[in-house]
Amino acid sequence: MIRIKAIFIGVILLGIVVISAFFIWLAPVGAGYTAKIMCSAIFVDGLPSSRARDEDVLADNNALLSLITTNIDLRNKTVSAHVFGFRTRLAIYRPVLGCVLADDADQITQLRSNTPLITPVDAKPLMTGPLPKDVERRALNALLFDVMDEPGPKPTRRTRAVVILHQGKVIAERYDEGITAKTRLPGWSLTKSVFNALLGSMQLKGMIGDMNDPVPINAWQSNGNDPRAAITYDNLLRMRSGLEFDENYANPLSDVVQMLFVEPAAAGFAVAKPLIDPPGTEFSYSSGATNILSAAILNQSGTRGIYQKRPTDLLFRPLGINSAVIETDQDGYFIASTFMHATARDWAKIGQLFLQDGVWDGERILPKGWVDYSISPAPADPNGIYGAHWWRDLPGGDNDDANNKTPQVPKDAFFALGHDGQSISVIPSKELVVVRLGLTRDRDAFDLRGFIANLSQLFPTIDPNAAKQTGNEDGRDDEGDNQDQGSPAAR
């Protein structure tokens, strides 16, 4: 009897500990995640609130998120989330800067008063083009059908958009129900590759120096004995900063989750991390590294107003990207690791810029050699699959398997990859850029490697000596004309 009572008391105590842990540590994370993701999905991307909750928040996610109650204020463009009335988190929408978590009404007023005035970007729509005559239309359509299809009775793939550029023109696109060519979609870590381009543009214009220079972080350099002061732009771009950082989205207490959905200052949180390895020695993928680069860009820009205009003035305006929204933390720093939204076509322009060696409409946007630098491995890692905020191969690569007879991804392909299955694939030898955006939390639900390999083999290999530089030219505005069934060339 005594033993039974002891077990019963033990179970009760364990339950109290679990419940306490939930309300103290897990509830703020879940509420912050729910409020932020729903706010962005509704007010930045334009999705219905029911879809934002059922798919963007709950689909294939931790079941505890279903305990969170939300309140959507369409008039004031805010979302609040709480667990049984406790641990309420607020997310507010601001023009130009999207959604940000806020603590109270006073902070909401302050955040909205700090919205920058940015001259709107004149769109430069991509042109549509025909399929190359030796590409089999039926085979391409079959691949696109498979990408948009579900592998089982329950939706797990959730592809929302696919855009294919060949020689700089849209030759095929597909969109999920309720998504169009004008719908912004989150890129998650695709944002990292965009900030790679921003750094390149700043270097071209003399705003920053060599990538082997130490990054200007005041907290590090004000102390002459701080070993972090030796960390360079290159160390951060190649994910070799040596800083402690836990990049685990499955753990609600990990650094990346806390940084994005709990901490008020993403950049400050990352900057405060201790050094655990000598800079430049160990590869450790870290979203914190990109947010440190974001802080460095602010320090090089002089004022927050100039800093918040940098992506638009240096990158989006020359490319005619008018849908991009990069969200900030409460301190006004871009969350450069994660929170950019744009249409699938505008995401494709980022890939096309890199395919064209950083040149757009005859204007050099990135320094000569910047693309080669971005997709080269670290000197100490000649066989690595990561470059400088671009992937050199897809995780789980099997191109070197001599016994593998299946189609292979071209050796020269490189990639921007993001959470939930976002990708920009750049294939120079085929003059292809392929964007795939979705909500794929089960990695087995979509085979990006197989899709890119099978797609690539449909297209002829381009002689690099004969290939002409392509890009958007002044032409007809086909934006959105082929949004649900693909471009005419793919029908």
# chains A, B, ... in the order shown; residues from 1 in each chain; ligands from 1
call {"tool": "select_by_dssp", "arguments": {"residues": "region 310-473 of chain A", "states": "helix (DSSP H, G or I)", "output": "MDAnalysis selection string"}}
result
chainID A and resid 310:319 344:355 370:374 419:421 428:430 443:445 448:456
call {"tool": "closest_atom_pairs", "arguments": {"of": "region 291-369 of chain A", "to": "region 268-279 of chain A", "cutoff": "12 Å", "atoms": "only C-alpha atoms", "output": "JSON lines"}}
result
{"residue": "A:Asn291", "atom": "CA", "partner": "A:Ala270", "partner_atom": "CA", "distance": 6.9}
{"residue": "A:Ile292", "atom": "CA", "partner": "A:Val271", "partner_atom": "CA", "distance": 6.0}
{"residue": "A:Leu293", "atom": "CA", "partner": "A:Val271", "partner_atom": "CA", "distance": 9.7}
{"residue": "A:Ser294", "atom": "CA", "partner": "A:Gly268", "partner_atom": "CA", "distance": 10.4}
{"residue": "A:Ala295", "atom": "CA", "partner": "A:Gly268", "partner_atom": "CA", "distance": 8.2}
{"residue": "A:Ala296", "atom": "CA", "partner": "A:Val271", "partner_atom": "CA", "distance": 10.3}
{"residue": "A:Asp329", "atom": "CA", "partner": "A:Gly268", "partner_atom": "CA", "distance": 9.9}
{"residue": "A:Gln330", "atom": "CA", "partner": "A:Gly268", "partner_atom": "CA", "distance": 10.8}
{"residue": "A:Asp331", "atom": "CA", "partner": "A:Gly268", "partner_atom": "CA", "distance": 9.0}
{"residue": "A:Gly332", "atom": "CA", "partner": "A:Gly268", "partner_atom": "CA", "distance": 11.2}
{"residue": "A:Tyr333", "atom": "CA", "partner": "A:Gly268", "partner_atom": "CA", "distance": 9.3}
{"residue": "A:Phe334", "atom": "CA", "partner": "A:Gly268", "partner_atom": "CA", "distance": 11.7}
{"residue": "A:Ile335", "atom": "CA", "partner": "A:Ala270", "partner_atom": "CA", "distance": 11.1}
{"residue": "A:Ala336", "atom": "CA", "partner": "A:Ala270", "partner_atom": "CA", "distance": 11.9}
{"residue": "A:Ser337", "atom": "CA", "partner": "A:Ala270", "partner_atom": "CA", "distance": 11.1}
call {"tool": "residues_around", "arguments": {"residues": "Lys205 (chain A)", "least_positions_apart": "2", "cutoff": "10 Å", "atoms": "only C-alpha atoms", "output": "NGL selection string"}}
result
:A and (199-203 or 207-209 or 314 or 365-367)
call {"tool": "write_last_selection", "arguments": {"atoms": "N, CA, C and O atoms", "output": "short mmCIF file (atom, residue, chain, number, x, y, z; two decimals), in the first residue's frame"}}
result
data_model
loop_
_atom_site.label_atom_id
_atom_site.label_comp_id
_atom_site.auth_asym_id
_atom_site.auth_seq_id
_atom_site.Cartn_x
_atom_site.Cartn_y
_atom_site.Cartn_z
N LEU A 199 25.61 41.45 -49.11
CA LEU A 199 27.01 41.69 -48.76
C LEU A 199 27.85 41.89 -50.01
O LEU A 199 28.73 42.76 -50.06
N GLY A 200 27.59 41.08 -51.04
CA GLY A 200 28.33 41.23 -52.29
C GLY A 200 28.11 42.60 -52.91
O GLY A 200 29.05 43.24 -53.39
N SER A 201 26.86 43.05 -52.92
CA SER A 201 26.56 44.35 -53.50
C SER A 201 27.23 45.47 -52.70
O SER A 201 27.75 46.44 -53.27
N MET A 202 27.24 45.33 -51.38
CA MET A 202 27.89 46.34 -50.54
C MET A 202 29.40 46.36 -50.80
O MET A 202 30.02 47.44 -50.85
N GLN A 203 29.99 45.19 -50.99
CA GLN A 203 31.42 45.16 -51.29
C GLN A 203 31.73 45.81 -52.64
O GLN A 203 32.69 46.56 -52.79
N MET A 207 31.30 49.63 -49.65
CA MET A 207 30.73 49.86 -48.32
C MET A 207 31.34 48.95 -47.26
O MET A 207 31.31 49.26 -46.07
N ILE A 208 31.84 47.80 -47.68
CA ILE A 208 32.55 46.90 -46.77
C ILE A 208 33.81 46.42 -47.48
O ILE A 208 33.92 46.52 -48.71
N GLY A 209 34.74 45.89 -46.71
CA GLY A 209 36.01 45.47 -47.27
C GLY A 209 36.04 44.01 -47.64
O GLY A 209 35.04 43.44 -48.08
N LEU A 314 19.96 48.31 -52.86
CA LEU A 314 21.12 47.65 -53.46
C LEU A 314 20.77 46.39 -54.23
O LEU A 314 21.53 45.98 -55.12
N ILE A 365 25.75 43.73 -60.39
CA ILE A 365 25.17 43.90 -59.06
C ILE A 365 26.11 43.32 -57.99
O ILE A 365 26.21 43.84 -56.88
N LEU A 366 26.79 42.23 -58.33
CA LEU A 366 27.72 41.56 -57.42
C LEU A 366 29.12 41.64 -58.01
O LEU A 366 29.29 41.68 -59.23
N PRO A 367 30.15 41.66 -57.17
CA PRO A 367 31.51 41.76 -57.69
C PRO A 367 31.85 40.58 -58.60
O PRO A 367 31.34 39.47 -58.42
#
call {"tool": "residues_around", "arguments": {"residues": "Asn212 (chain A)", "least_positions_apart": "2", "cutoff": "10 Å", "atoms": "only C-alpha atoms", "output": "JSON, numbers by chain"}}
result
{"A": [209, 210, 214, 215, 230, 231, 232, 233, 234, 235]}
call {"tool": "write_last_selection", "arguments": {"atoms": "N, CA and C atoms", "output": "short mmCIF file (atom, residue, chain, number, x, y, z; two decimals), in the first residue's frame"}}
result
data_model
loop_
_atom_site.label_atom_id
_atom_site.label_comp_id
_atom_site.auth_asym_id
_atom_site.auth_seq_id
_atom_site.Cartn_x
_atom_site.Cartn_y
_atom_site.Cartn_z
N GLY A 209 34.74 45.89 -46.71
CA GLY A 209 36.01 45.47 -47.27
C GLY A 209 36.04 44.01 -47.64
N ASP A 210 37.18 43.39 -47.43
CA ASP A 210 37.39 42.00 -47.80
C ASP A 210 36.63 41.07 -46.85
N PRO A 214 37.76 41.13 -40.07
CA PRO A 214 36.88 40.87 -38.92
C PRO A 214 35.57 41.66 -39.07
N VAL A 215 34.47 41.06 -38.62
CA VAL A 215 33.19 41.75 -38.68
C VAL A 215 33.15 42.82 -37.59
N ALA A 230 38.18 38.25 -33.63
CA ALA A 230 38.91 37.74 -34.80
C ALA A 230 37.97 37.10 -35.83
N ILE A 231 36.70 36.93 -35.50
CA ILE A 231 35.75 36.29 -36.42
C ILE A 231 35.55 37.18 -37.65
N THR A 232 35.65 36.58 -38.82
CA THR A 232 35.55 37.33 -40.08
C THR A 232 34.20 37.13 -40.75
N TYR A 233 33.94 37.98 -41.75
CA TYR A 233 32.76 37.79 -42.59
C TYR A 233 32.77 36.37 -43.17
N ASP A 234 33.93 35.95 -43.66
CA ASP A 234 34.04 34.63 -44.29
C ASP A 234 33.72 33.51 -43.30
N ASN A 235 34.20 33.62 -42.07
CA ASN A 235 33.88 32.62 -41.06
C ASN A 235 32.38 32.47 -40.87
#
call {"tool": "atom_distance", "arguments": {"atom1": "CA of Gln110 (chain A)", "atom2": "CA of Gln308 (chain A)"}}
result
16.5 Å
call {"tool": "atom_distance", "arguments": {"atom1": "CA of Gly187 (chain A)", "atom2": "CA of Pro125 (chain A)"}}
result
19.8 Å
call {"tool": "closest_residue", "arguments": {"among": "A:Ile306, A:Ala172, A:Leu260, A:Met239", "to": "Ile118 (chain A)", "atoms": "only C-alpha atoms"}}
result
A:Ile306
call {"tool": "closest_residue", "arguments": {"among": "A:Ala142, A:Ala267, A:Leu198, A:Ile217", "to": "Asn454 (chain A)", "atoms": "only C-alpha atoms"}}
result
A:Ala142
call {"tool": "closest_residue", "arguments": {"among": "A:Gln422, A:Thr159, A:Gln356, A:Ser189", "to": "Glu177 (chain A)", "atoms": "only C-alpha atoms"}}
result
A:Thr159
call {"tool": "residues_around", "arguments": {"residues": "Ser40 (chain A)", "least_positions_apart": "4", "cutoff": "8 Å", "atoms": "only C-alpha atoms", "output": "list in words"}}
result
Lys36, Val44, Asp45, Tyr93, Gly98 and Cys99 of chain A
call {"tool": "write_last_selection", "arguments": {"atoms": "all heavy atoms", "output": "CSV table (one decimal), in the first residue's frame"}}
result
chain,number,residue,atom,x,y,z
A,36,LYS,N,3.5,34.8,-34.4
A,36,LYS,CA,4.4,35.3,-35.5
A,36,LYS,C,4.1,34.7,-36.8
A,36,LYS,O,3.9,35.3,-37.8
A,36,LYS,CB,5.8,35.1,-35.1
A,36,LYS,CG,6.8,35.2,-36.2
A,36,LYS,CD,6.9,36.7,-36.8
A,36,LYS,CE,7.8,36.8,-38.0
A,36,LYS,NZ,7.4,36.0,-39.1
A,44,VAL,N,1.2,39.4,-44.3
A,44,VAL,CA,2.3,39.5,-45.3
A,44,VAL,C,1.9,38.7,-46.6
A,44,VAL,O,2.0,39.2,-47.7
A,44,VAL,CB,3.6,39.1,-44.7
A,44,VAL,CG1,4.7,39.2,-45.8
A,44,VAL,CG2,4.0,39.9,-43.5
A,45,ASP,N,1.5,37.4,-46.4
A,45,ASP,CA,1.3,36.5,-47.5
A,45,ASP,C,-0.1,36.6,-48.0
A,45,ASP,O,-0.4,36.1,-49.1
A,45,ASP,CB,1.7,35.1,-47.1
A,45,ASP,CG,3.1,35.0,-46.6
A,45,ASP,OD1,3.9,35.9,-47.0
A,45,ASP,OD2,3.4,34.0,-45.9
A,93,TYR,N,1.7,43.6,-37.5
A,93,TYR,CA,2.1,43.9,-38.8
A,93,TYR,C,2.4,45.3,-39.0
A,93,TYR,O,1.7,46.2,-38.5
A,93,TYR,CB,1.0,43.5,-39.8
A,93,TYR,CG,1.3,43.9,-41.2
A,93,TYR,CD1,2.1,43.2,-42.0
A,93,TYR,CD2,0.7,45.1,-41.8
A,93,TYR,CE1,2.4,43.6,-43.3
A,93,TYR,CE2,1.0,45.5,-43.0
A,93,TYR,CZ,1.8,44.7,-43.8
A,93,TYR,OH,2.1,45.1,-45.1
A,98,GLY,N,6.8,43.9,-42.4
A,98,GLY,CA,6.1,42.7,-42.0
A,98,GLY,C,5.7,42.6,-40.6
A,98,GLY,O,5.5,43.6,-39.9
A,99,CYS,N,5.8,41.4,-40.0
A,99,CYS,CA,5.4,41.1,-38.6
A,99,CYS,C,6.5,41.0,-37.7
A,99,CYS,O,7.6,40.5,-38.0
A,99,CYS,CB,4.5,39.9,-38.6
A,99,CYS,SG,2.9,40.0,-39.4
call {"tool": "select_by_dssp", "arguments": {"residues": "region 130-269 of chain A", "states": "strand (DSSP E or B)", "output": "number ranges by chain"}}
result
A: 159-166, 169-175, 185-186, 214, 232, 243
call {"tool": "closest_residue", "arguments": {"among": "A:Leu144, A:Ala378, A:Ile350, A:Leu26", "to": "Ala197 (chain A)", "atoms": "only C-alpha atoms"}}
result
A:Ile350
call {"tool": "atom_distance", "arguments": {"atom1": "CA of Arg157 (chain A)", "atom2": "CA of Ile326 (chain A)"}}
result
25.5 Å
call {"tool": "residues_around", "arguments": {"residues": "Pro155 (chain A)", "least_positions_apart": "6", "cutoff": "12 Å", "atoms": "only C-alpha atoms", "output": "list in words"}}
result
Asp54, Glu55, Ala59, Asp60, Met148, Asp149, Gly438, Leu439, Thr440, Arg441, Asp442, Ala445 and Phe446 of chain A
call {"tool": "decode", "arguments": {"residues": "region 220-231 of chain A", "atoms": "all heavy atoms", "output": "mmCIF file, in the first residue's frame"}}
result
data_model
loop_
_atom_site.group_PDB
_atom_site.id
_atom_site.type_symbol
_atom_site.label_atom_id
_atom_site.label_comp_id
_atom_site.auth_asym_id
_atom_site.auth_seq_id
_atom_site.Cartn_x
_atom_site.Cartn_y
_atom_site.Cartn_z
ATOM 1 N N TRP A 220 32.281 42.787 -29.302
ATOM 2 C CA TRP A 220 33.502 41.996 -29.373
ATOM 3 C C TRP A 220 34.750 42.868 -29.411
ATOM 4 O O TRP A 220 35.740 42.581 -28.757
ATOM 5 C CB TRP A 220 33.492 41.104 -30.616
ATOM 6 C CG TRP A 220 32.369 40.117 -30.673
ATOM 7 C CD1 TRP A 220 31.513 39.765 -29.666
ATOM 8 C CD2 TRP A 220 31.977 39.341 -31.804
ATOM 9 N NE1 TRP A 220 30.609 38.824 -30.101
ATOM 10 C CE2 TRP A 220 30.872 38.539 -31.418
ATOM 11 C CE3 TRP A 220 32.451 39.235 -33.110
ATOM 12 C CZ2 TRP A 220 30.244 37.655 -32.287
ATOM 13 C CZ3 TRP A 220 31.833 38.349 -33.986
ATOM 14 C CH2 TRP A 220 30.726 37.561 -33.579
ATOM 15 N N GLN A 221 34.698 43.919 -30.202
ATOM 16 C CA GLN A 221 35.911 44.687 -30.456
ATOM 17 C C GLN A 221 36.197 45.742 -29.396
ATOM 18 O O GLN A 221 37.294 46.293 -29.342
ATOM 19 C CB GLN A 221 35.822 45.325 -31.845
ATOM 20 C CG GLN A 221 35.781 44.263 -32.945
ATOM 21 C CD GLN A 221 35.646 44.835 -34.337
ATOM 22 O OE1 GLN A 221 35.216 45.963 -34.503
ATOM 23 N NE2 GLN A 221 36.010 44.032 -35.332
ATOM 24 N N SER A 222 35.220 46.034 -28.548
ATOM 25 C CA SER A 222 35.460 47.001 -27.475
ATOM 26 C C SER A 222 36.333 46.410 -26.378
ATOM 27 O O SER A 222 36.924 47.133 -25.580
ATOM 28 C CB SER A 222 34.126 47.467 -26.877
ATOM 29 O OG SER A 222 33.407 46.374 -26.319
ATOM 30 N N ASN A 223 36.405 45.088 -26.338
ATOM 31 C CA ASN A 223 37.251 44.395 -25.362
ATOM 32 C C ASN A 223 38.452 43.810 -26.094
ATOM 33 O O ASN A 223 38.324 42.884 -26.882
ATOM 34 C CB ASN A 223 36.441 43.295 -24.671
ATOM 35 C CG ASN A 223 37.254 42.549 -23.625
ATOM 36 O OD1 ASN A 223 38.460 42.754 -23.474
ATOM 37 N ND2 ASN A 223 36.593 41.660 -22.902
ATOM 38 N N GLY A 224 39.611 44.346 -25.846
ATOM 39 C CA GLY A 224 40.802 43.914 -26.570
ATOM 40 C C GLY A 224 41.165 42.469 -26.362
ATOM 41 O O GLY A 224 41.969 41.914 -27.131
ATOM 42 N N ASN A 225 40.607 41.832 -25.340
ATOM 43 C CA ASN A 225 40.939 40.434 -25.057
ATOM 44 C C ASN A 225 39.878 39.451 -25.529
ATOM 45 O O ASN A 225 39.972 38.264 -25.232
ATOM 46 C CB ASN A 225 41.152 40.253 -23.549
ATOM 47 C CG ASN A 225 42.322 41.070 -23.034
ATOM 48 O OD1 ASN A 225 43.352 41.172 -23.699
ATOM 49 N ND2 ASN A 225 42.156 41.663 -21.854
ATOM 50 N N ASP A 226 38.857 39.940 -26.230
ATOM 51 C CA ASP A 226 37.770 39.061 -26.661
ATOM 52 C C ASP A 226 38.201 38.299 -27.912
ATOM 53 O O ASP A 226 38.416 38.903 -28.969
ATOM 54 C CB ASP A 226 36.518 39.881 -26.956
ATOM 55 C CG ASP A 226 35.268 39.025 -27.082
ATOM 56 O OD1 ASP A 226 35.394 37.848 -27.489
ATOM 57 O OD2 ASP A 226 34.170 39.519 -26.785
ATOM 58 N N PRO A 227 38.334 36.975 -27.846
ATOM 59 C CA PRO A 227 38.778 36.214 -29.023
ATOM 60 C C PRO A 227 37.771 36.246 -30.169
ATOM 61 O O PRO A 227 38.121 35.959 -31.313
ATOM 62 C CB PRO A 227 38.956 34.792 -28.475
ATOM 63 C CG PRO A 227 38.053 34.723 -27.285
ATOM 64 C CD PRO A 227 38.083 36.104 -26.685
ATOM 65 N N ARG A 228 36.525 36.608 -29.871
ATOM 66 C CA ARG A 228 35.512 36.674 -30.926
ATOM 67 C C ARG A 228 35.780 37.826 -31.895
ATOM 68 O O ARG A 228 35.240 37.854 -33.006
ATOM 69 C CB ARG A 228 34.120 36.814 -30.316
ATOM 70 C CG ARG A 228 33.700 35.624 -29.446
ATOM 71 C CD ARG A 228 32.379 35.856 -28.750
ATOM 72 N NE ARG A 228 32.441 37.007 -27.850
ATOM 73 C CZ ARG A 228 31.404 37.456 -27.125
ATOM 74 N NH1 ARG A 228 30.237 36.836 -27.215
ATOM 75 N NH2 ARG A 228 31.544 38.493 -26.336
ATOM 76 N N ALA A 229 36.591 38.778 -31.487
ATOM 77 C CA ALA A 229 36.912 39.909 -32.357
ATOM 78 C C ALA A 229 37.658 39.470 -33.614
ATOM 79 O O ALA A 229 37.746 40.228 -34.584
ATOM 80 C CB ALA A 229 37.741 40.944 -31.591
ATOM 81 N N ALA A 230 38.182 38.254 -33.628
ATOM 82 C CA ALA A 230 38.906 37.737 -34.799
ATOM 83 C C ALA A 230 37.973 37.098 -35.825
ATOM 84 O O ALA A 230 38.414 36.749 -36.936
ATOM 85 C CB ALA A 230 39.959 36.724 -34.352
ATOM 86 N N ILE A 231 36.695 36.933 -35.496
ATOM 87 C CA ILE A 231 35.750 36.287 -36.419
ATOM 88 C C ILE A 231 35.548 37.175 -37.648
ATOM 89 O O ILE A 231 35.277 38.370 -37.531
ATOM 90 C CB ILE A 231 34.406 36.015 -35.721
ATOM 91 C CG1 ILE A 231 34.604 35.029 -34.573
ATOM 92 C CG2 ILE A 231 33.374 35.481 -36.711
ATOM 93 C CD1 ILE A 231 33.367 34.828 -33.714
#
